[in-house]
$ cat my_file28.pdb   # PDB, C-alpha atoms
ATOM      1  CA  MET O 229       4.724   0.863 -32.737  1.00  0.00           C
ATOM      2  CA  ILE O 230       5.234  -2.505 -31.099  1.00  0.00           C
ATOM      3  CA  HIS O 231       1.855  -3.188 -29.552  1.00  0.00           C
ATOM      4  CA  MET O 232      -1.533  -3.646 -31.161  1.00  0.00           C
ATOM      5  CA  GLY O 233      -4.402  -3.030 -28.774  1.00  0.00           C
ATOM      6  CA  ASN O 234      -3.621  -5.114 -25.699  1.00  0.00           C
ATOM      7  CA  LEU O 235      -1.206  -7.461 -27.521  1.00  0.00           C
ATOM      8  CA  MET O 236       2.577  -7.354 -27.667  1.00  0.00           C
ATOM      9  CA  PHE O 237       4.958  -9.724 -29.407  1.00  0.00           C
ATOM     10  CA  GLY O 238       6.913 -12.029 -27.073  1.00  0.00           C
ATOM     11  CA  SER O 239      10.327 -10.481 -27.730  1.00  0.00           C
ATOM     12  CA  GLU O 240       9.070  -6.941 -27.194  1.00  0.00           C
ATOM     13  CA  MET O 241       7.350  -7.989 -23.950  1.00  0.00           C
ATOM     14  CA  LEU O 242      10.622  -9.485 -22.730  1.00  0.00           C
ATOM     15  CA  ILE O 243      12.485  -6.278 -23.562  1.00  0.00           C
ATOM     16  CA  LEU O 244       9.840  -4.208 -21.776  1.00  0.00           C
ATOM     17  CA  GLU O 245       9.810  -6.338 -18.630  1.00  0.00           C
ATOM     18  CA  THR O 246      13.605  -6.534 -18.477  1.00  0.00           C
ATOM     19  CA  GLY O 247      13.906  -2.766 -18.814  1.00  0.00           C
ATOM     20  CA  LEU O 248      11.256  -2.134 -16.170  1.00  0.00           C
ATOM     21  CA  PHE O 249      12.875  -4.588 -13.739  1.00  0.00           C
ATOM     22  CA  VAL O 250      16.332  -3.016 -14.075  1.00  0.00           C
ATOM     23  CA  LEU O 251      14.906   0.480 -13.686  1.00  0.00           C
ATOM     24  CA  ALA O 252      12.834  -0.540 -10.649  1.00  0.00           C
ATOM     25  CA  VAL O 253      15.961  -1.914  -8.942  1.00  0.00           C
ATOM     26  CA  LEU O 254      18.080   1.118  -9.776  1.00  0.00           C
ATOM     27  CA  TYR O 255      15.503   3.726  -8.806  1.00  0.00           C
ATOM     28  CA  SER O 256      14.220   2.003  -5.657  1.00  0.00           C
ATOM     29  CA  VAL O 257      17.746   1.899  -4.203  1.00  0.00           C
ATOM     30  CA  THR O 258      17.281   5.649  -3.742  1.00  0.00           C
ATOM     31  CA  GLY O 259      13.617   5.431  -2.649  1.00  0.00           C
ATOM     32  CA  HIS O 260      12.268   6.388  -6.081  1.00  0.00           C
ATOM     33  CA  GLY O 261       9.392   4.780  -7.954  1.00  0.00           C
ATOM     34  CA  GLY O 262      11.051   4.924 -11.378  1.00  0.00           C
ATOM     35  CA  ALA O 263       8.350   6.693 -13.406  1.00  0.00           C
ATOM     36  CA  SER O 264      10.785   8.874 -15.346  1.00  0.00           C
ATOM     37  CA  GLY O 265      12.607   5.734 -16.492  1.00  0.00           C
ATOM     38  CA  TYR O 266       9.403   3.830 -17.272  1.00  0.00           C
ATOM     39  CA  ILE O 267       8.220   6.730 -19.423  1.00  0.00           C
ATOM     40  CA  ALA O 268      11.427   6.599 -21.460  1.00  0.00           C
ATOM     41  CA  VAL O 269      11.118   2.842 -22.040  1.00  0.00           C
ATOM     42  CA  MET O 270       7.467   3.088 -23.062  1.00  0.00           C
ATOM     43  CA  VAL O 271       8.178   5.946 -25.457  1.00  0.00           C
ATOM     44  CA  LEU O 272      11.016   3.980 -27.077  1.00  0.00           C
ATOM     45  CA  LEU O 273       8.787   0.904 -27.410  1.00  0.00           C
ATOM     46  CA  GLY O 274       5.971   2.829 -29.071  1.00  0.00           C
ATOM     47  CA  PHE O 275       3.290   3.049 -26.404  1.00  0.00           C
ATOM     48  CA  ALA O 276       0.423   5.411 -27.153  1.00  0.00           C
ATOM     49  CA  PRO O 277       1.026   8.842 -25.544  1.00  0.00           C
ATOM     50  CA  GLN O 278      -2.299   8.819 -23.671  1.00  0.00           C
ATOM     51  CA  GLU O 279      -1.412   5.459 -22.100  1.00  0.00           C
ATOM     52  CA  ILE O 280       2.100   6.311 -20.876  1.00  0.00           C
ATOM     53  CA  LYS O 281       1.228   8.766 -18.109  1.00  0.00           C
ATOM     54  CA  PRO O 282      -1.280   6.646 -16.140  1.00  0.00           C
ATOM     55  CA  LEU O 283       0.685   3.415 -16.583  1.00  0.00           C
ATOM     56  CA  ALA O 284       3.889   5.064 -15.336  1.00  0.00           C
ATOM     57  CA  LEU O 285       1.999   6.336 -12.297  1.00  0.00           C
ATOM     58  CA  VAL O 286       0.542   2.885 -11.548  1.00  0.00           C
ATOM     59  CA  LEU O 287       3.992   1.280 -11.667  1.00  0.00           C
ATOM     60  CA  ASN O 288       5.289   4.144  -9.543  1.00  0.00           C
ATOM     61  CA  VAL O 289       2.692   3.342  -6.882  1.00  0.00           C
ATOM     62  CA  VAL O 290       3.817  -0.293  -6.742  1.00  0.00           C
ATOM     63  CA  VAL O 291       7.526   0.437  -6.318  1.00  0.00           C
ATOM     64  CA  SER O 292       7.148   3.436  -4.013  1.00  0.00           C
ATOM     65  CA  THR O 293       4.858   1.391  -1.731  1.00  0.00           C
ATOM     66  CA  VAL O 294       7.568  -1.240  -1.328  1.00  0.00           C
ATOM     67  CA  ALA O 295      10.258   1.406  -0.833  1.00  0.00           C
ATOM     68  CA  THR O 296       8.146   3.226   1.759  1.00  0.00           C
ATOM     69  CA  ILE O 297       7.728   0.065   3.837  1.00  0.00           C
ATOM     70  CA  LEU O 298      11.340  -1.106   3.676  1.00  0.00           C
ATOM     71  CA  PHE O 299      12.982   2.274   4.320  1.00  0.00           C
ATOM     72  CA  TYR O 300      10.548   2.930   7.181  1.00  0.00           C
ATOM     73  CA  ARG O 301      11.236  -0.460   8.766  1.00  0.00           C
ATOM     74  CA  ALA O 302      14.969   0.220   8.494  1.00  0.00           C
ATOM     75  CA  GLY O 303      14.483   3.332  10.660  1.00  0.00           C
ATOM     76  CA  HIS O 304      15.379   6.042   8.139  1.00  0.00           C
ATOM     77  CA  PHE O 305      12.022   7.858   7.900  1.00  0.00           C
ATOM     78  CA  ARG O 306      11.704  11.381   9.405  1.00  0.00           C
ATOM     79  CA  TRP O 307       8.117  12.579   9.852  1.00  0.00           C
ATOM     80  CA  ASN O 308       9.085  16.210  10.588  1.00  0.00           C
ATOM     81  CA  LEU O 309      10.894  16.415   7.252  1.00  0.00           C
ATOM     82  CA  PHE O 310       8.181  14.582   5.310  1.00  0.00           C
ATOM     83  CA  TRP O 311       4.844  16.194   6.113  1.00  0.00           C
ATOM     84  CA  PRO O 312       5.476  19.866   5.097  1.00  0.00           C
ATOM     85  CA  PHE O 313       6.373  18.748   1.564  1.00  0.00           C
ATOM     86  CA  VAL O 314       3.255  16.577   1.299  1.00  0.00           C
ATOM     87  CA  VAL O 315       0.897  19.317   2.491  1.00  0.00           C
ATOM     88  CA  GLY O 316       1.832  21.371  -0.553  1.00  0.00           C
ATOM     89  CA  SER O 317       2.340  18.598  -3.078  1.00  0.00           C
ATOM     90  CA  VAL O 318      -0.699  16.300  -2.967  1.00  0.00           C
ATOM     91  CA  PRO O 319      -3.440  18.767  -4.023  1.00  0.00           C
ATOM     92  CA  LEU O 320      -1.213  20.258  -6.721  1.00  0.00           C
ATOM     93  CA  ALA O 321      -0.314  16.794  -8.048  1.00  0.00           C
ATOM     94  CA  MET O 322      -4.029  16.183  -8.588  1.00  0.00           C
ATOM     95  CA  VAL O 323      -4.307  19.453 -10.522  1.00  0.00           C
ATOM     96  CA  GLY O 324      -1.273  18.518 -12.628  1.00  0.00           C
ATOM     97  CA  GLY O 325      -2.695  15.057 -13.289  1.00  0.00           C
ATOM     98  CA  TYR O 326      -5.957  16.585 -14.480  1.00  0.00           C
ATOM     99  CA  LEU O 327      -4.326  19.031 -16.914  1.00  0.00           C
ATOM    100  CA  GLN O 328      -3.163  17.957 -20.357  1.00  0.00           C
ATOM    101  CA  LEU O 329      -0.578  20.589 -21.315  1.00  0.00           C
ATOM    102  CA  PRO O 330       2.499  20.539 -23.613  1.00  0.00           C
ATOM    103  CA  THR O 331       5.483  19.721 -21.422  1.00  0.00           C
ATOM    104  CA  HIS O 332       8.388  19.930 -23.909  1.00  0.00           C
ATOM    105  CA  TRP O 333      10.038  23.075 -22.555  1.00  0.00           C
ATOM    106  CA  PHE O 334       9.500  22.017 -18.962  1.00  0.00           C
ATOM    107  CA  ASN O 335      11.158  18.675 -19.743  1.00  0.00           C
ATOM    108  CA  LEU O 336      14.215  20.444 -21.132  1.00  0.00           C
ATOM    109  CA  LEU O 337      14.519  22.715 -18.110  1.00  0.00           C
ATOM    110  CA  LEU O 338      14.035  19.848 -15.670  1.00  0.00           C
ATOM    111  CA  GLY O 339      16.615  17.797 -17.566  1.00  0.00           C
ATOM    112  CA  VAL O 340      19.239  20.511 -17.085  1.00  0.00           C
ATOM    113  CA  VAL O 341      18.383  20.786 -13.372  1.00  0.00           C
ATOM    114  CA  LEU O 342      18.650  17.027 -12.842  1.00  0.00           C
ATOM    115  CA  ILE O 343      22.005  16.770 -14.619  1.00  0.00           C
ATOM    116  CA  PHE O 344      23.383  19.682 -12.579  1.00  0.00           C
ATOM    117  CA  SER O 345      22.072  18.060  -9.383  1.00  0.00           C
ATOM    118  CA  ALA O 346      23.664  14.728 -10.329  1.00  0.00           C
ATOM    119  CA  LEU O 347      27.070  16.356 -10.736  1.00  0.00           C
ATOM    120  CA  ARG O 348      26.753  18.280  -7.455  1.00  0.00           C
ATOM    121  CA  ILE O 349      25.741  15.173  -5.505  1.00  0.00           C
ATOM    122  CA  ALA O 350      28.517  13.105  -7.099  1.00  0.00           C
ATOM    123  CA  ILE O 351      31.202  15.494  -5.801  1.00  0.00           C
ATOM    124  CA  ARG O 352      29.618  15.991  -2.369  1.00  0.00           C
ATOM    125  CA  THR O 353      32.121  14.560   0.115  1.00  0.00           C
ATOM    126  CA  SER O 354      30.201  14.328   3.410  1.00  0.00           C
ATOM    127  CA  PRO O 355      26.507  13.339   3.163  1.00  0.00           C
ATOM    128  CA  ASP O 356      26.008  13.788   6.938  1.00  0.00           C
ATOM    129  CA  ALA O 357      27.628  17.207   7.353  1.00  0.00           C
ATOM    130  CA  ASP O 358      25.631  20.149   8.742  1.00  0.00           C
ATOM    131  CA  LEU O 359      22.146  18.644   8.489  1.00  0.00           C
ATOM    132  CA  ARG O 360      19.302  21.031   9.352  1.00  0.00           C
ATOM    133  CA  GLU O 361      15.504  21.235   9.151  1.00  0.00           C
ATOM    134  CA  PRO O 362      13.931  23.250   6.295  1.00  0.00           C
ATOM    135  CA  ALA O 363      11.594  26.125   7.114  1.00  0.00           C
ATOM    136  CA  PHE O 364       7.948  25.022   6.906  1.00  0.00           C
ATOM    137  CA  VAL O 365       6.999  27.586   4.237  1.00  0.00           C
ATOM    138  CA  VAL O 366      10.005  26.667   2.092  1.00  0.00           C
ATOM    139  CA  ALA O 367       9.189  22.951   2.309  1.00  0.00           C
ATOM    140  CA  MET O 368       5.477  23.481   1.611  1.00  0.00           C
ATOM    141  CA  LEU O 369       6.061  25.711  -1.423  1.00  0.00           C
ATOM    142  CA  SER O 370       8.755  23.380  -2.753  1.00  0.00           C
ATOM    143  CA  GLY O 371       6.365  20.450  -2.367  1.00  0.00           C
ATOM    144  CA  ALA O 372       3.597  22.355  -4.147  1.00  0.00           C
ATOM    145  CA  GLY O 373       5.792  23.093  -7.158  1.00  0.00           C
ATOM    146  CA  ILE O 374       7.145  19.562  -7.333  1.00  0.00           C
ATOM    147  CA  GLY O 375       3.657  18.082  -6.914  1.00  0.00           C
ATOM    148  CA  PHE O 376       2.149  20.156  -9.725  1.00  0.00           C
ATOM    149  CA  PHE O 377       4.818  19.361 -12.292  1.00  0.00           C
ATOM    150  CA  SER O 378       5.062  15.707 -11.283  1.00  0.00           C
ATOM    151  CA  GLY O 379       1.323  15.289 -11.835  1.00  0.00           C
ATOM    152  CA  LEU O 380       1.602  17.157 -15.122  1.00  0.00           C
ATOM    153  CA  ILE O 381       4.251  14.894 -16.668  1.00  0.00           C
ATOM    154  CA  GLY O 382       3.294  11.637 -14.923  1.00  0.00           C
ATOM    155  CA  ILE O 383       5.998  11.111 -12.294  1.00  0.00           C
ATOM    156  CA  GLY O 384       5.968  11.027  -8.486  1.00  0.00           C
ATOM    157  CA  GLY O 385       8.340  13.937  -7.925  1.00  0.00           C
ATOM    158  CA  GLY O 386      11.020  12.118  -5.943  1.00  0.00           C
ATOM    159  CA  ILE O 387      13.504  12.651  -8.761  1.00  0.00           C
ATOM    160  CA  VAL O 388      13.325  16.353  -7.852  1.00  0.00           C
ATOM    161  CA  LEU O 389      12.699  16.147  -4.099  1.00  0.00           C
ATOM    162  CA  THR O 390      15.631  13.882  -3.237  1.00  0.00           C
ATOM    163  CA  PRO O 391      18.386  16.031  -4.792  1.00  0.00           C
ATOM    164  CA  LEU O 392      16.743  19.138  -3.312  1.00  0.00           C
ATOM    165  CA  ILE O 393      16.861  17.616   0.182  1.00  0.00           C
ATOM    166  CA  LEU O 394      20.466  16.496  -0.210  1.00  0.00           C
ATOM    167  CA  LEU O 395      21.806  19.683  -1.778  1.00  0.00           C
ATOM    168  CA  MET O 396      20.119  21.819   0.885  1.00  0.00           C
ATOM    169  CA  GLY O 397      21.573  19.650   3.651  1.00  0.00           C
ATOM    170  CA  TRP O 398      18.188  18.642   5.092  1.00  0.00           C
ATOM    171  CA  ALA O 399      18.932  14.900   5.335  1.00  0.00           C
ATOM    172  CA  ASN O 400      21.462  12.192   4.495  1.00  0.00           C
ATOM    173  CA  PRO O 401      20.916   9.930   1.438  1.00  0.00           C
ATOM    174  CA  LYS O 402      19.009   7.171   3.263  1.00  0.00           C
ATOM    175  CA  GLN O 403      16.776   9.648   5.111  1.00  0.00           C
ATOM    176  CA  ALA O 404      16.104  11.447   1.813  1.00  0.00           C
ATOM    177  CA  ALA O 405      15.133   8.135   0.213  1.00  0.00           C
ATOM    178  CA  ALA O 406      12.853   7.278   3.149  1.00  0.00           C
ATOM    179  CA  VAL O 407      11.062  10.640   2.805  1.00  0.00           C
ATOM    180  CA  SER O 408      10.903  10.573  -0.996  1.00  0.00           C
ATOM    181  CA  ALA O 409       9.281   7.121  -1.219  1.00  0.00           C
ATOM    182  CA  PRO O 410       5.984   8.004   0.545  1.00  0.00           C
ATOM    183  CA  PHE O 411       6.079  11.443  -1.114  1.00  0.00           C
ATOM    184  CA  ILE O 412       6.164   9.694  -4.487  1.00  0.00           C
ATOM    185  CA  LEU O 413       3.447   7.260  -3.422  1.00  0.00           C
ATOM    186  CA  LEU O 414       0.987   9.979  -2.388  1.00  0.00           C
ATOM    187  CA  ASN O 415       1.737  12.185  -5.395  1.00  0.00           C
ATOM    188  CA  SER O 416       1.341   9.262  -7.802  1.00  0.00           C
ATOM    189  CA  LEU O 417      -2.026   8.346  -6.294  1.00  0.00           C
ATOM    190  CA  SER O 418      -3.107  11.986  -6.434  1.00  0.00           C
ATOM    191  CA  GLY O 419      -1.952  12.305 -10.042  1.00  0.00           C
ATOM    192  CA  LEU O 420      -3.876   9.161 -10.972  1.00  0.00           C
ATOM    193  CA  MET O 421      -7.022  10.555  -9.366  1.00  0.00           C
ATOM    194  CA  GLY O 422      -6.661  13.779 -11.333  1.00  0.00           C
ATOM    195  CA  PHE O 423      -6.050  11.853 -14.553  1.00  0.00           C
ATOM    196  CA  SER O 424      -9.077   9.608 -14.012  1.00  0.00           C
ATOM    197  CA  VAL O 425     -11.368  12.631 -13.754  1.00  0.00           C
ATOM    198  CA  GLN O 426     -10.674  13.758 -17.312  1.00  0.00           C
ATOM    199  CA  ALA O 427      -9.649  10.470 -18.983  1.00  0.00           C
ATOM    200  CA  ALA O 428     -12.041   9.135 -21.598  1.00  0.00           C
ATOM    201  CA  GLN O 429     -10.821   5.567 -21.071  1.00  0.00           C
ATOM    202  CA  GLY O 430      -8.649   3.600 -18.684  1.00  0.00           C
ATOM    203  CA  ILE O 431      -5.285   1.963 -19.276  1.00  0.00           C
ATOM    204  CA  GLN O 432      -5.456  -0.330 -22.304  1.00  0.00           C
ATOM    205  CA  HIS O 433      -2.368  -2.416 -21.555  1.00  0.00           C
ATOM    206  CA  ASP O 434      -2.373  -5.421 -19.199  1.00  0.00           C
ATOM    207  CA  VAL O 435      -0.950  -3.944 -15.993  1.00  0.00           C
ATOM    208  CA  ILE O 436      -0.587  -7.084 -13.861  1.00  0.00           C
ATOM    209  CA  PRO O 437       2.583  -8.630 -15.399  1.00  0.00           C
ATOM    210  CA  LEU O 438       4.276  -5.225 -15.500  1.00  0.00           C
ATOM    211  CA  ALA O 439       3.290  -4.502 -11.900  1.00  0.00           C
ATOM    212  CA  LEU O 440       4.713  -7.865 -10.785  1.00  0.00           C
ATOM    213  CA  THR O 441       7.934  -7.131 -12.660  1.00  0.00           C
ATOM    214  CA  VAL O 442       8.523  -3.774 -10.976  1.00  0.00           C
ATOM    215  CA  LEU O 443       7.410  -5.230  -7.630  1.00  0.00           C
ATOM    216  CA  MET O 444      10.268  -7.736  -7.769  1.00  0.00           C
ATOM    217  CA  GLY O 445      12.713  -5.042  -8.823  1.00  0.00           C
ATOM    218  CA  GLY O 446      11.441  -2.695  -6.142  1.00  0.00           C
ATOM    219  CA  LEU O 447      11.844  -5.310  -3.423  1.00  0.00           C
ATOM    220  CA  LEU O 448      15.442  -5.974  -4.396  1.00  0.00           C
ATOM    221  CA  GLY O 449      16.436  -2.328  -4.839  1.00  0.00           C
ATOM    222  CA  SER O 450      14.695  -1.110  -1.688  1.00  0.00           C
ATOM    223  CA  TYR O 451      16.321  -3.816   0.410  1.00  0.00           C
ATOM    224  CA  LEU O 452      19.757  -2.915  -0.924  1.00  0.00           C
ATOM    225  CA  GLY O 453      19.171   0.791  -0.394  1.00  0.00           C
ATOM    226  CA  SER O 454      17.678   0.578   3.083  1.00  0.00           C
ATOM    227  CA  ARG O 455      19.797  -2.217   4.573  1.00  0.00           C
ATOM    228  CA  THR O 456      22.958  -3.018   2.630  1.00  0.00           C
ATOM    229  CA  LEU O 457      24.509  -0.182   0.661  1.00  0.00           C
ATOM    230  CA  PRO O 458      26.489   2.547   2.493  1.00  0.00           C
ATOM    231  CA  MET O 459      25.600   6.263   2.277  1.00  0.00           C
ATOM    232  CA  LYS O 460      28.171   7.073  -0.398  1.00  0.00           C
ATOM    233  CA  ALA O 461      26.949   4.227  -2.582  1.00  0.00           C
ATOM    234  CA  ILE O 462      23.384   5.530  -2.341  1.00  0.00           C
ATOM    235  CA  ALA O 463      24.601   8.980  -3.400  1.00  0.00           C
ATOM    236  CA  ARG O 464      26.449   7.501  -6.394  1.00  0.00           C
ATOM    237  CA  VAL O 465      23.413   5.506  -7.490  1.00  0.00           C
ATOM    238  CA  LEU O 466      21.278   8.621  -7.126  1.00  0.00           C
ATOM    239  CA  SER O 467      23.703  10.564  -9.318  1.00  0.00           C
ATOM    240  CA  ALA O 468      23.434   7.872 -11.986  1.00  0.00           C
ATOM    241  CA  VAL O 469      19.632   7.878 -11.750  1.00  0.00           C
ATOM    242  CA  LEU O 470      19.506  11.663 -12.073  1.00  0.00           C
ATOM    243  CA  LEU O 471      21.778  11.579 -15.112  1.00  0.00           C
ATOM    244  CA  ILE O 472      19.604   8.926 -16.772  1.00  0.00           C
ATOM    245  CA  ALA O 473      16.429  10.861 -16.014  1.00  0.00           C
ATOM    246  CA  GLY O 474      17.962  14.174 -17.043  1.00  0.00           C
ATOM    247  CA  PHE O 475      19.209  13.023 -20.434  1.00  0.00           C
ATOM    248  CA  LYS O 476      15.945  11.121 -20.986  1.00  0.00           C
ATOM    249  CA  LEU O 477      14.002  14.367 -20.700  1.00  0.00           C
ATOM    250  CA  PHE O 478      15.842  15.796 -23.709  1.00  0.00           C
ATOM    251  CA  TYR O 479      14.424  13.075 -25.950  1.00  0.00           C
ATOM    252  CA  VAL O 480      10.932  12.369 -24.553  1.00  0.00           C
TER     253      VAL O 480
END

$ encode --input "my_file28.pdb" --output "structure tokens"
Amino acid sequence: MIHMGNLMFGSEMLILETGLFVLAVLYSVTGHGGASGYIAVMVLLGFAPQEIKPLALVLNVVVSTVATILFYRAGHFRWNLFWPFVVGSVPLAMVGGYLQLPTHWFNLLLGVVLIFSALRIAIRTSPDADLREPAFVVAMLSGAGIGFFSGLIGIGGGIVLTPLILLMGWANPKQAAAVSAPFILLNSLSGLMGFSVQAAQGIQHDVIPLALTVLMGGLLGSYLGSRTLPMKAIARVLSAVLLIAGFKLFYV
């Protein structure tokens, strides 16, 4: 355990902020908030279990807000693809945020899915080939499932939504990132609302310096993802992110 109440030693704080910054850059390149990575760092640094979930969601809100704005301004957002997923996800994310259930077996299953998705995306040769719109019912039900489990384990759900969109051929990597960012933002807010209903106390750690850290990382990563990096580079970064998140789930 490296923190005592609200206090952390200087070296541990530096390690935490460095890890969060790097993760915010890496995840926001693909439109993600980074919660799955933040959870891993906080577990490794000895944060109290009841503090990890809400803090990860708060940091997720910061980064996904930045990513939403920058990917939208770059012209990659598609409303018709976005809203059916959100209709199903937001209310279920609140339910998942309210519940406090063991998530070990779900983490293992999700880890396998993410690693498989990473490998499939890495070998995909044409990110723009044969794009099509998903059926409304399929998108709504997919969003509902993703929303529930993201609220349950304290993530925004983009780590699942983005590979689903790409593997089903519903969007290219930048469009998927532009849809995932606001999806993550709304789910994270919904999950926080659900958590606050049943939580006996708020977040004990000082959020402001951590929020500023991921804000800087999110600005850099989102700019690179929305403006600078080509499609194939986004897909490669996403594959790396999915592998990190997938293997993390085996140990958290």

$ residues_around --input "my_file28.pdb" --residues "Val442 (chain O)" --least-positions-apart "2" --cutoff "10 Å" --atoms "all atoms listed in the file" --output "NGL selection string"
:O and (245-253 or 256 or 261-262 or 266 or 287-288 or 290-291 or 437-440 or 444-448)

$ resolve_selection --input "my_file28.pdb" --expression "the PyMOL selection byres ((chain O and resi 318-326) around 12)" --output "short mmCIF file (atom, residue, chain, number, x, y, z; two decimals) with C-alpha atoms, keeping the file's coordinate frame"
data_model
loop_
_atom_site.label_atom_id
_atom_site.label_comp_id
_atom_site.auth_asym_id
_atom_site.auth_seq_id
_atom_site.Cartn_x
_atom_site.Cartn_y
_atom_site.Cartn_z
CA LYS O 281 1.23 8.77 -18.11
CA PRO O 282 -1.28 6.65 -16.14
CA LEU O 285 2.00 6.34 -12.30
CA TRP O 311 4.84 16.19 6.11
CA PRO O 312 5.48 19.87 5.10
CA PHE O 313 6.37 18.75 1.56
CA VAL O 314 3.26 16.58 1.30
CA VAL O 315 0.90 19.32 2.49
CA GLY O 316 1.83 21.37 -0.55
CA SER O 317 2.34 18.60 -3.08
CA LEU O 327 -4.33 19.03 -16.91
CA GLN O 328 -3.16 17.96 -20.36
CA LEU O 329 -0.58 20.59 -21.32
CA PRO O 330 2.50 20.54 -23.61
CA THR O 331 5.48 19.72 -21.42
CA MET O 368 5.48 23.48 1.61
CA LEU O 369 6.06 25.71 -1.42
CA SER O 370 8.76 23.38 -2.75
CA GLY O 371 6.36 20.45 -2.37
CA ALA O 372 3.60 22.36 -4.15
CA GLY O 373 5.79 23.09 -7.16
CA ILE O 374 7.14 19.56 -7.33
CA GLY O 375 3.66 18.08 -6.91
CA PHE O 376 2.15 20.16 -9.72
CA PHE O 377 4.82 19.36 -12.29
CA SER O 378 5.06 15.71 -11.28
CA GLY O 379 1.32 15.29 -11.84
CA LEU O 380 1.60 17.16 -15.12
CA ILE O 381 4.25 14.89 -16.67
CA GLY O 382 3.29 11.64 -14.92
CA ILE O 383 6.00 11.11 -12.29
CA GLY O 384 5.97 11.03 -8.49
CA GLY O 385 8.34 13.94 -7.92
CA PRO O 410 5.98 8.00 0.55
CA PHE O 411 6.08 11.44 -1.11
CA ILE O 412 6.16 9.69 -4.49
CA LEU O 413 3.45 7.26 -3.42
CA LEU O 414 0.99 9.98 -2.39
CA ASN O 415 1.74 12.18 -5.40
CA SER O 416 1.34 9.26 -7.80
CA LEU O 417 -2.03 8.35 -6.29
CA SER O 418 -3.11 11.99 -6.43
CA GLY O 419 -1.95 12.30 -10.04
CA LEU O 420 -3.88 9.16 -10.97
CA MET O 421 -7.02 10.56 -9.37
CA GLY O 422 -6.66 13.78 -11.33
CA PHE O 423 -6.05 11.85 -14.55
CA SER O 424 -9.08 9.61 -14.01
CA VAL O 425 -11.37 12.63 -13.75
CA GLN O 426 -10.67 13.76 -17.31
CA ALA O 427 -9.65 10.47 -18.98
CA ALA O 428 -12.04 9.14 -21.60
#

$ atom_distance --input "my_file28.pdb" --atom1 "CA of Phe275 (chain O)" --atom2 "CA of Ala346 (chain O)"
28.5 Å

$ atom_distance --input "my_file28.pdb" --atom1 "CA of Ala461 (chain O)" --atom2 "CA of Ala405 (chain O)"
12.8 Å

$ residues_around --input "my_file28.pdb" --residues "Ala463 (chain O)" --least-positions-apart "2" --cutoff "12 Å" --atoms "all atoms listed in the file" --output "PyMOL selection string"
chain O and resi 255+257-259+345-356+390-391+394-395+399-405+453+457-461+465-470

$ residues_around --input "my_file28.pdb" --residues "Gly339 (chain O)" --least-positions-apart "2" --cutoff "10 Å" --atoms "only C-alpha atoms" --output "number ranges by chain"
O: 333-337, 341-345, 470-479

$ closest_residue --input "my_file28.pdb" --among "O:Ser264, O:Thr293, O:Ser239, O:Gln278" --to "Ala406 (chain O)" --atoms "all atoms listed in the file"
O:Thr293

$ residues_near_point --input "my_file28.pdb" --point "(12.6, 2.5, 8.2)" --cutoff "10 Å" --atoms "only C-alpha atoms" --output "number ranges by chain"
O: 295-306, 402-403, 406-407, 454-455

$ atom_distance --input "my_file28.pdb" --atom1 "CA of Glu361 (chain O)" --atom2 "CA of Leu389 (chain O)"
14.5 Å

$ closest_residue --input "my_file28.pdb" --among "O:Ser450, O:Asn308, O:Ser408, O:Thr441" --to "Leu242 (chain O)" --atoms "only C-alpha atoms"
O:Thr441

$ residues_around --input "my_file28.pdb" --residues "Ile267 (chain O)" --least-positions-apart "4" --cutoff "7 Å" --atoms "all atoms listed in the file" --output "short mmCIF file (atom, residue, chain, number, x, y, z; two decimals) with C-alpha atoms, in the frame of the given file"
data_model
loop_
_atom_site.label_atom_id
_atom_site.label_comp_id
_atom_site.auth_asym_id
_atom_site.auth_seq_id
_atom_site.Cartn_x
_atom_site.Cartn_y
_atom_site.Cartn_z
CA ALA O 263 8.35 6.69 -13.41
CA VAL O 271 8.18 5.95 -25.46
CA ILE O 280 2.10 6.31 -20.88
CA ALA O 284 3.89 5.06 -15.34
#

$ closest_residue --input "my_file28.pdb" --among "O:Leu359, O:Val294, O:Leu254, O:Ile243" --to "Arg464 (chain O)" --atoms "only C-alpha atoms"
O:Leu254

$ closest_residue --input "my_file28.pdb" --among "O:Val365, O:Ile387, O:Ile436, O:Ala409" --to "Gly265 (chain O)" --atoms "only C-alpha atoms"
O:Ile387

$ closest_residue --input "my_file28.pdb" --among "O:Leu244, O:Gly386, O:Pro362, O:Ile462" --to "Leu272 (chain O)" --atoms "only C-alpha atoms"
O:Leu244

$ build_atoms --input "my_file28.pdb" --residues "region 290-296 of chain O" --atoms "N, CA and C atoms" --output "mmCIF file, in the coordinates of the input"
data_model
loop_
_atom_site.group_PDB
_atom_site.id
_atom_site.type_symbol
_atom_site.label_atom_id
_atom_site.label_comp_id
_atom_site.auth_asym_id
_atom_site.auth_seq_id
_atom_site.Cartn_x
_atom_site.Cartn_y
_atom_site.Cartn_z
ATOM 1 N N VAL O 290 3.362 1.024 -7.190
ATOM 2 C CA VAL O 290 3.817 -0.293 -6.742
ATOM 3 C C VAL O 290 5.198 -0.199 -6.095
ATOM 4 N N VAL O 291 6.146 0.405 -6.808
ATOM 5 C CA VAL O 291 7.526 0.437 -6.318
ATOM 6 C C VAL O 291 7.670 1.353 -5.110
ATOM 7 N N SER O 292 7.017 2.510 -5.137
ATOM 8 C CA SER O 292 7.148 3.436 -4.013
ATOM 9 C C SER O 292 6.486 2.886 -2.747
ATOM 10 N N THR O 293 5.453 2.045 -2.897
ATOM 11 C CA THR O 293 4.858 1.391 -1.731
ATOM 12 C C THR O 293 5.865 0.468 -1.059
ATOM 13 N N VAL O 294 6.536 -0.339 -1.860
ATOM 14 C CA VAL O 294 7.568 -1.240 -1.328
ATOM 15 C C VAL O 294 8.691 -0.442 -0.678
ATOM 16 N N ALA O 295 9.163 0.598 -1.364
ATOM 17 C CA ALA O 295 10.258 1.406 -0.833
ATOM 18 C C ALA O 295 9.860 2.089 0.472
ATOM 19 N N THR O 296 8.627 2.577 0.534
ATOM 20 C CA THR O 296 8.146 3.226 1.759
ATOM 21 C C THR O 296 8.224 2.268 2.942
#
